[in-house]
Each structure stands twice: as structure tokens, then as C-alpha cells.
$ cat my_file-v3.txt   # compact mmCIF, C-alpha atoms and all ligand atoms
# COMPACT_ATOMS: atom_id res chain seq x y z
CA MET E 1 0.00 0.00 0.00
CA PRO E 2 1.47 3.33 -0.99
CA HIS E 3 1.89 5.81 1.79
CA ARG E 4 -0.27 8.88 1.60
CA TYR E 5 0.78 10.79 4.69
CA SER E 6 4.38 11.50 5.59
CA ALA E 7 5.63 11.05 9.13
CA ARG E 8 5.47 14.83 9.50
CA ASP E 9 1.85 14.90 8.25
CA ARG E 10 0.94 12.15 10.73
CA ALA E 11 2.65 13.97 13.59
CA ASN E 12 0.89 17.22 12.71
CA ILE E 13 -2.53 15.59 12.40
CA PHE E 14 -1.99 13.69 15.65
CA ALA E 15 -1.02 16.91 17.45
CA ARG E 16 -4.02 18.74 16.00
CA GLU E 17 -6.45 15.99 17.04
CA LYS E 18 -4.83 15.79 20.47
CA ASN E 19 -5.40 19.53 20.86
CA ASN E 20 -9.01 19.24 19.62
CA ALA E 21 -9.68 16.51 22.21
CA ALA E 22 -8.21 18.66 24.97
CA LEU E 23 -10.27 21.66 23.88
CA ALA E 24 -13.39 19.48 23.91
CA GLY E 25 -12.59 18.29 27.43
CA ARG E 26 -12.05 14.69 26.25
CA GLY E 27 -8.60 14.20 27.81
CA ARG E 28 -5.07 14.41 26.47
CA LEU E 29 -5.31 11.76 23.74
CA PRO E 30 -6.91 12.13 20.30
CA ILE E 31 -10.32 10.52 19.83
CA CYS E 32 -10.85 7.72 17.29
CA VAL E 33 -13.17 8.95 14.51
CA HIS E 34 -14.75 5.49 14.25
CA CYS E 35 -15.35 4.28 17.82
CA ASP E 36 -15.15 7.61 19.72
CA LEU E 37 -12.60 6.22 22.21
CA PRO E 38 -9.16 7.70 22.97
CA VAL E 39 -6.24 6.56 20.80
CA ASP E 40 -3.18 5.81 22.91
CA PRO E 41 -0.18 5.47 20.57
CA LEU E 42 1.67 3.44 23.19
CA ARG E 43 -1.08 0.82 23.32
CA SER E 44 -2.37 0.53 19.77
CA LEU E 45 -1.47 1.32 16.18
CA TRP E 46 -3.25 4.28 14.70
CA ASP E 47 -4.06 5.62 11.24
CA VAL E 48 -4.93 8.94 9.72
CA ALA E 49 -8.64 8.23 9.12
CA HIS E 50 -11.12 10.02 6.89
CA VAL E 51 -14.10 11.59 8.64
CA GLY E 52 -17.48 11.62 6.93
CA ALA E 53 -17.01 10.93 3.21
CA PRO E 54 -14.36 8.28 2.50
CA ARG E 55 -11.36 9.27 0.39
CA CYS E 56 -12.61 7.30 -2.64
CA PHE E 57 -15.83 9.36 -2.60
CA GLY E 58 -13.93 12.65 -2.41
CA GLY E 59 -13.60 12.97 1.38
CA LYS E 60 -10.93 15.42 2.50
CA ARG E 61 -11.41 15.78 6.25
CA VAL E 62 -9.13 13.56 8.31
CA GLY E 63 -8.71 12.66 11.96
CA ILE E 64 -7.13 9.88 13.98
CA GLY E 65 -8.49 6.34 14.20
CA HIS E 66 -7.39 3.04 15.72
CA HIS E 67 -5.77 0.90 13.04
CA GLY E 68 -8.27 -1.90 13.68
CA CYS E 69 -11.27 0.45 13.50
CA ASN E 70 -9.95 2.08 10.33
CA SER E 71 -9.24 -1.26 8.64
CA ALA E 72 -12.75 -2.49 9.43
CA ASP E 73 -14.17 0.77 8.03
CA GLY E 74 -11.96 0.42 4.96
CA ARG E 75 -13.34 -3.06 4.23
CA LYS E 76 -16.87 -1.70 4.27
CA VAL E 77 -15.94 1.32 2.14
CA THR E 78 -14.16 -0.93 -0.37
CA ALA E 79 -17.37 -2.91 -0.86
CA ASP E 80 -19.40 0.29 -1.22
CA TYR E 81 -16.89 1.65 -3.73
CA ALA E 82 -17.01 -1.54 -5.79
CA LYS E 83 -20.79 -1.40 -5.83
CA SER E 84 -20.81 2.25 -6.86
CA ASN E 85 -18.49 1.36 -9.74
CA ARG E 86 -20.81 -1.47 -10.81
CA VAL E 87 -23.88 0.77 -10.69
CA HIS E 88 -22.06 3.51 -12.61
CA ALA E 89 -20.96 1.07 -15.31
CA ARG E 90 -24.53 -0.18 -15.68
CA HIS E 91 -25.95 3.34 -15.87
CA ILE E 92 -23.56 4.47 -18.61
CA GLY E 93 -24.23 1.30 -20.60
CA ALA E 94 -20.82 -0.26 -20.07
CA ALA E 95 -22.19 -3.28 -18.22
CA GLY E 96 -25.18 -5.52 -18.61
CA PRO E 97 -26.25 -8.74 -20.28
CA GLY E 98 -23.85 -9.69 -23.07
CA LEU E 99 -21.23 -7.08 -22.08
CA GLY E 100 -19.17 -9.19 -19.71
CA ARG E 101 -15.79 -10.84 -20.31
CA ALA E 102 -17.39 -13.91 -21.89
CA PRO E 103 -20.70 -13.03 -23.54
CA MET E 104 -22.92 -16.01 -24.28
CA ALA E 105 -22.63 -17.36 -27.81
CA ALA E 106 -25.67 -16.30 -29.86
CA GLY E 107 -26.72 -14.11 -26.93
CA ARG E 108 -29.00 -11.12 -27.27
CA ARG E 109 -26.19 -8.78 -28.33
CA SER E 110 -24.73 -11.24 -30.82
CA GLY E 111 -25.26 -10.93 -34.58
CA ILE E 112 -26.56 -14.48 -34.70
CA SER E 113 -29.42 -16.20 -32.94
CA ARG E 114 -30.06 -19.82 -32.21
CA THR E 115 -33.28 -21.39 -33.43
CA MET E 116 -35.49 -23.76 -31.46
CA ASP E 117 -34.22 -26.75 -33.45
CA GLY E 118 -30.60 -25.91 -32.62
CA GLY E 119 -29.73 -24.15 -35.86
CA LEU E 120 -28.14 -20.72 -36.27
CA LYS E 121 -29.40 -17.77 -38.27
CA LEU E 122 -28.57 -14.11 -38.63
CA ARG E 123 -30.28 -12.02 -35.97
CA ARG E 124 -32.88 -9.64 -37.44
CA THR E 125 -33.35 -6.08 -36.22
CA GLY E 126 -36.65 -4.96 -34.74
CA ALA E 127 -37.43 -3.10 -37.99
CA GLN E 128 -36.79 -6.23 -40.04
CA LYS E 129 -39.05 -8.29 -37.77
CA HIS E 130 -41.76 -5.62 -38.00
CA ALA E 131 -41.55 -5.49 -41.80
CA ALA E 132 -41.79 -9.28 -41.97
CA MET E 133 -44.86 -9.24 -39.70
CA CYS E 134 -46.54 -6.57 -41.81
CA ALA E 135 -45.82 -8.53 -44.96
CA ALA E 136 -47.24 -11.70 -43.39
CA LEU E 137 -50.41 -9.84 -42.36
CA ALA E 138 -50.54 -7.98 -45.73
CA LEU E 139 -50.72 -4.60 -43.98
CA HIS E 140 -48.55 -2.90 -46.61
CA ASP E 141 -48.49 -3.29 -50.35
CA ALA E 142 -45.30 -3.72 -52.35
CA ASP E 143 -44.74 0.09 -52.42
CA GLY E 144 -44.87 0.34 -48.62
CA ALA E 145 -48.28 2.10 -48.52
CA ALA E 146 -50.65 0.98 -45.78
CA VAL E 147 -53.57 -1.23 -46.83
CA GLY E 148 -56.38 -3.02 -45.02
CA LEU E 149 -57.09 -1.92 -41.44
CA TRP E 150 -54.18 0.59 -41.36
CA ALA E 151 -55.09 2.29 -44.67
CA PRO E 152 -56.29 5.92 -44.54
CA ALA E 153 -60.07 6.20 -44.41
CA GLU E 154 -61.93 6.46 -47.72
CA GLY E 155 -63.06 10.02 -48.42
CA GLY E 156 -59.89 11.62 -47.06
CA THR E 157 -61.14 13.61 -44.04
ZN ZN E 201 -11.41 3.11 17.31

$ encode --input "my_file-v3.txt" --output "C-alpha cells"
Amino acid sequence: MPHRYSARDRANIFAREKNNAALAGRGRLPICVHCDLPVDPLRSLWDVAHVGAPRCFGGKRVGIGHHGCNSADGRKVTADYAKSNRVHARHIGAAGPGLGRAPMAAGRRSGISRTMDGGLKLRRTGAQKHAAMCAALALHDADGAAVGLWAPAEGGT
């Protein structure tokens, strides 16, 4: 894991949070942003922890957290971040049926389709299927003009 805060940054943030705790009347140790208990650097490891919005969602505010508390929070945030990426991909049309690493052969986004008897044929577009249906029902003549039920009413009003 790449480091994000230098030793000087950590010392400064620790001192700031220690001061904030003292000003709030919470003692002489910084308060963990996750469990609201004091962080004693002689007893437990500690991290610079994001407060409110996590870093991956643009969070900038930081405080001090127990390493265990921050790791547990990070595991939850990682899952949330992965889900947000999945939802985003789906919403922009980059994910969905037939767009995975191994789309199904003759699937809905394929240029071919499988017939009920196991054969293969070229997949028709919706317009092609519609034209074929109209031809089967004789709704259009050879010139494409509507006839039968869909023809304009006689008399022209
Ligand atoms: Zn904690």
C-alpha cells in the first residue's frame, strides 16, 4: 500500500487531534473517529482516518483512528466503492447482459441467434421483424403504402 501521509503529516494531524480533544474536554489523547474512544499510541497502532465521506468518494477531512477500526471501516468502504463502480458502469451502458468478459454465444447482443431446433441464423433487427410481420399480415403493399385496417379512411377527411 502506498503511503499517503508523511511522518510529518501524521505527527501534525496527531497533534491537532490531540489539541481538539483537549479543547473538547475529552482528555489528552486524540479521539478515534470510528469508535469515539481515545487513541493511545503506546497501546495501539493508529491511522490517519477520513471523517465523513471516504477518500474514494472525495472525502478530504481527516482525523485519527485506531488501526483496527480504520481497517474495518476500509473493508466496508471498499465494498461500497465496488458497488458504486458497478452501478455507474450499468448506468452508462458499459455493463449488462452480453457485455461481460465472456458473452454467451448467440446471446441477445450477438449478430446471430439460435433457433429452437438448434440451428443458427442471422439475428434480425426490430425493424426487419416488423416489416416481416406486416408482410405476413398484408398490412402494406409492395410500395410500402398501408392497406387493409391501417389504410387511410376512404373520403380523405
Ligand atoms: Zn477506534

$ residues_around --input "my_file-v3.txt" --residues "segment 41-56 of chain E" --least-positions-apart "6" --cutoff "6 Å" --atoms "all atoms listed in the file" --output "list in words"
Val62, Gly63, Ile64, Gly65, His66 and His67 of chain E

$ residues_near_ligand --input "my_file-v3.txt" --ligand "ligand ZN 201 (chain E)" --cutoff "6 Å" --atoms "all atoms listed in the file" --output "list in words"
Cys32, His34, Cys35, Leu37, Gly65, His66 and Cys69 of chain E

$ atom_distance --input "my_file-v3.txt" --atom1 "atom CA of Ala145 of chain E" --atom2 "atom CA of His130 of chain E"
14.6 Å

$ atom_distance --input "my_file-v3.txt" --atom1 "atom CA of Gly144 of chain E" --atom2 "atom CA of Ala131 of chain E"
9.6 Å

$ residues_around --input "my_file-v3.txt" --residues "Pro97 of chain E" --least-positions-apart "5" --cutoff "9 Å" --atoms "only C-alpha atoms" --output "ChimeraX atom specification"
/E:103-104,107-109

$ write_last_selection --input "my_file-v3.txt" --atoms "C-alpha atoms" --output "mmCIF file, in the coordinates of the input"
data_model
loop_
_atom_site.group_PDB
_atom_site.id
_atom_site.type_symbol
_atom_site.label_atom_id
_atom_site.label_comp_id
_atom_site.auth_asym_id
_atom_site.auth_seq_id
_atom_site.Cartn_x
_atom_site.Cartn_y
_atom_site.Cartn_z
ATOM 1 C CA PRO E 103 -20.700 -13.030 -23.540
ATOM 2 C CA MET E 104 -22.920 -16.010 -24.280
ATOM 3 C CA GLY E 107 -26.720 -14.110 -26.930
ATOM 4 C CA ARG E 108 -29.000 -11.120 -27.270
ATOM 5 C CA ARG E 109 -26.190 -8.780 -28.330
#

$ residues_around --input "my_file-v3.txt" --residues "Arg28 of chain E" --least-positions-apart "2" --cutoff "10 Å" --atoms "only C-alpha atoms" --output "list of chain:residue names"
E:Glu17, E:Lys18, E:Asn19, E:Asn20, E:Ala21, E:Ala22, E:Leu23, E:Gly25, E:Arg26, E:Pro30, E:Ile31, E:Pro38, E:Val39, E:Asp40

$ atom_distance --input "my_file-v3.txt" --atom1 "atom CA of Ala24 of chain E" --atom2 "atom CA of Asp36 of chain E"
12.7 Å

$ residues_around --input "my_file-v3.txt" --residues "segment 79-89 of chain E" --least-positions-apart "4" --cutoff "8 Å" --atoms "only C-alpha atoms" --output "PyMOL selection string"
chain E and resi 56-57+75+93-95

$ axis_aligned_box --input "my_file-v3.txt" --around "segment 58-61 of chain E" --padding-each-side "8 Å" --output "lines of an AutoDock Vina configuration file"
center_x = -12.4
center_y = 14.2
center_z = 1.9
size_x = 19.0
size_y = 19.1
size_z = 24.7

$ decode --input "my_file-v3.txt" --residues "segment 42-57 of chain E" --atoms "all heavy atoms" --output "mmCIF file, in the first residue's frame"
data_model
loop_
_atom_site.group_PDB
_atom_site.id
_atom_site.type_symbol
_atom_site.label_atom_id
_atom_site.label_comp_id
_atom_site.auth_asym_id
_atom_site.auth_seq_id
_atom_site.Cartn_x
_atom_site.Cartn_y
_atom_site.Cartn_z
ATOM 1 N N LEU E 42 0.818 4.419 22.529
ATOM 2 C CA LEU E 42 1.671 3.437 23.187
ATOM 3 C C LEU E 42 0.984 2.080 23.307
ATOM 4 O O LEU E 42 1.628 1.071 23.571
ATOM 5 C CB LEU E 42 2.060 3.932 24.583
ATOM 6 C CG LEU E 42 2.835 5.252 24.616
ATOM 7 C CD1 LEU E 42 3.115 5.669 26.046
ATOM 8 C CD2 LEU E 42 4.122 5.124 23.821
ATOM 9 N N ARG E 43 -0.329 2.063 23.152
ATOM 10 C CA ARG E 43 -1.076 0.823 23.324
ATOM 11 C C ARG E 43 -1.580 0.230 22.016
ATOM 12 O O ARG E 43 -1.807 -0.974 21.914
ATOM 13 C CB ARG E 43 -2.289 1.052 24.235
ATOM 14 C CG ARG E 43 -1.917 1.336 25.660
ATOM 15 C CD ARG E 43 -3.163 1.644 26.465
ATOM 16 N NE ARG E 43 -2.828 1.972 27.836
ATOM 17 C CZ ARG E 43 -2.763 1.058 28.807
ATOM 18 N NH1 ARG E 43 -3.012 -0.193 28.543
ATOM 19 N NH2 ARG E 43 -2.433 1.434 30.029
ATOM 20 N N SER E 44 -1.812 1.076 21.010
ATOM 21 C CA SER E 44 -2.375 0.535 19.768
ATOM 22 C C SER E 44 -1.829 1.314 18.573
ATOM 23 O O SER E 44 -1.424 2.469 18.687
ATOM 24 C CB SER E 44 -3.908 0.621 19.788
ATOM 25 O OG SER E 44 -4.309 1.972 19.929
ATOM 26 N N LEU E 45 -1.835 0.653 17.433
ATOM 27 C CA LEU E 45 -1.472 1.318 16.184
ATOM 28 C C LEU E 45 -2.580 2.291 15.813
ATOM 29 O O LEU E 45 -3.735 2.081 16.170
ATOM 30 C CB LEU E 45 -1.304 0.275 15.072
ATOM 31 C CG LEU E 45 -0.217 -0.767 15.284
ATOM 32 C CD1 LEU E 45 -0.282 -1.806 14.178
ATOM 33 C CD2 LEU E 45 1.156 -0.113 15.314
ATOM 34 N N TRP E 46 -2.220 3.334 15.103
ATOM 35 C CA TRP E 46 -3.250 4.284 14.701
ATOM 36 C C TRP E 46 -3.029 4.729 13.256
ATOM 37 O O TRP E 46 -1.923 4.641 12.721
ATOM 38 C CB TRP E 46 -3.281 5.498 15.631
ATOM 39 C CG TRP E 46 -1.989 6.270 15.711
ATOM 40 C CD1 TRP E 46 -0.932 6.001 16.536
ATOM 41 C CD2 TRP E 46 -1.604 7.399 14.929
ATOM 42 N NE1 TRP E 46 0.075 6.898 16.321
ATOM 43 C CE2 TRP E 46 -0.310 7.778 15.346
ATOM 44 C CE3 TRP E 46 -2.230 8.133 13.934
ATOM 45 C CZ2 TRP E 46 0.364 8.847 14.788
ATOM 46 C CZ3 TRP E 46 -1.558 9.213 13.377
ATOM 47 C CH2 TRP E 46 -0.266 9.555 13.812
ATOM 48 N N ASP E 47 -4.089 5.164 12.626
ATOM 49 C CA ASP E 47 -4.056 5.624 11.236
ATOM 50 C C ASP E 47 -4.594 7.046 11.161
ATOM 51 O O ASP E 47 -5.352 7.468 12.026
ATOM 52 C CB ASP E 47 -4.972 4.756 10.356
ATOM 53 C CG ASP E 47 -4.433 3.360 10.144
ATOM 54 O OD1 ASP E 47 -3.220 3.159 10.321
ATOM 55 O OD2 ASP E 47 -5.239 2.484 9.796
ATOM 56 N N VAL E 48 -4.206 7.725 10.102
ATOM 57 C CA VAL E 48 -4.930 8.936 9.724
ATOM 58 C C VAL E 48 -6.205 8.446 9.039
ATOM 59 O O VAL E 48 -6.144 7.711 8.063
ATOM 60 C CB VAL E 48 -4.099 9.817 8.769
ATOM 61 C CG1 VAL E 48 -4.929 10.972 8.252
ATOM 62 C CG2 VAL E 48 -2.862 10.329 9.482
ATOM 63 N N ALA E 49 -7.369 8.795 9.603
ATOM 64 C CA ALA E 49 -8.642 8.227 9.124
ATOM 65 C C ALA E 49 -9.525 9.327 8.574
ATOM 66 O O ALA E 49 -9.578 10.432 9.117
ATOM 67 C CB ALA E 49 -9.349 7.531 10.278
ATOM 68 N N HIS E 50 -10.211 9.030 7.476
ATOM 69 C CA HIS E 50 -11.117 10.023 6.894
ATOM 70 C C HIS E 50 -12.401 10.110 7.701
ATOM 71 O O HIS E 50 -12.937 9.095 8.142
ATOM 72 C CB HIS E 50 -11.409 9.689 5.434
ATOM 73 C CG HIS E 50 -10.282 10.102 4.537
ATOM 74 N ND1 HIS E 50 -9.114 9.394 4.457
ATOM 75 C CD2 HIS E 50 -10.129 11.175 3.727
ATOM 76 C CE1 HIS E 50 -8.287 10.004 3.621
ATOM 77 N NE2 HIS E 50 -8.880 11.080 3.161
ATOM 78 N N VAL E 51 -12.884 11.328 7.878
ATOM 79 C CA VAL E 51 -14.096 11.588 8.641
ATOM 80 C C VAL E 51 -15.202 11.921 7.649
ATOM 81 O O VAL E 51 -14.982 12.692 6.723
ATOM 82 C CB VAL E 51 -13.894 12.785 9.608
ATOM 83 C CG1 VAL E 51 -15.110 12.971 10.492
ATOM 84 C CG2 VAL E 51 -12.640 12.601 10.431
ATOM 85 N N GLY E 52 -16.362 11.344 7.840
ATOM 86 C CA GLY E 52 -17.475 11.620 6.933
ATOM 87 C C GLY E 52 -17.277 10.873 5.634
ATOM 88 O O GLY E 52 -17.224 9.643 5.628
ATOM 89 N N ALA E 53 -17.151 11.591 4.516
ATOM 90 C CA ALA E 53 -17.011 10.932 3.214
ATOM 91 C C ALA E 53 -15.659 10.234 3.131
ATOM 92 O O ALA E 53 -14.634 10.821 3.465
ATOM 93 C CB ALA E 53 -17.141 11.950 2.096
ATOM 94 N N PRO E 54 -15.627 8.973 2.693
ATOM 95 C CA PRO E 54 -14.355 8.284 2.500
ATOM 96 C C PRO E 54 -13.539 8.929 1.382
ATOM 97 O O PRO E 54 -14.078 9.648 0.534
ATOM 98 C CB PRO E 54 -14.768 6.872 2.084
ATOM 99 C CG PRO E 54 -16.208 6.763 2.359
ATOM 100 C CD PRO E 54 -16.773 8.136 2.351
ATOM 101 N N ARG E 55 -12.255 8.666 1.385
ATOM 102 C CA ARG E 55 -11.360 9.265 0.390
ATOM 103 C C ARG E 55 -11.804 8.936 -1.034
ATOM 104 O O ARG E 55 -11.776 9.800 -1.915
ATOM 105 C CB ARG E 55 -9.938 8.757 0.631
ATOM 106 C CG ARG E 55 -8.915 9.347 -0.310
ATOM 107 C CD ARG E 55 -7.529 8.849 0.053
ATOM 108 N NE ARG E 55 -6.544 9.415 -0.812
ATOM 109 C CZ ARG E 55 -6.220 8.905 -1.995
ATOM 110 N NH1 ARG E 55 -6.810 7.813 -2.420
ATOM 111 N NH2 ARG E 55 -5.307 9.478 -2.737
ATOM 112 N N CYS E 56 -12.234 7.691 -1.285
ATOM 113 C CA CYS E 56 -12.608 7.302 -2.645
ATOM 114 C C CYS E 56 -13.854 8.033 -3.122
ATOM 115 O O CYS E 56 -14.110 8.092 -4.322
ATOM 116 C CB CYS E 56 -12.790 5.792 -2.742
ATOM 117 S SG CYS E 56 -14.103 5.148 -1.704
ATOM 118 N N PHE E 57 -14.650 8.574 -2.211
ATOM 119 C CA PHE E 57 -15.827 9.357 -2.601
ATOM 120 C C PHE E 57 -15.557 10.843 -2.452
ATOM 121 O O PHE E 57 -16.490 11.647 -2.347
ATOM 122 C CB PHE E 57 -17.048 8.950 -1.783
ATOM 123 C CG PHE E 57 -17.522 7.550 -2.071
ATOM 124 C CD1 PHE E 57 -17.709 6.640 -1.052
ATOM 125 C CD2 PHE E 57 -17.773 7.152 -3.370
ATOM 126 C CE1 PHE E 57 -18.134 5.355 -1.323
ATOM 127 C CE2 PHE E 57 -18.202 5.872 -3.651
ATOM 128 C CZ PHE E 57 -18.376 4.965 -2.622
#
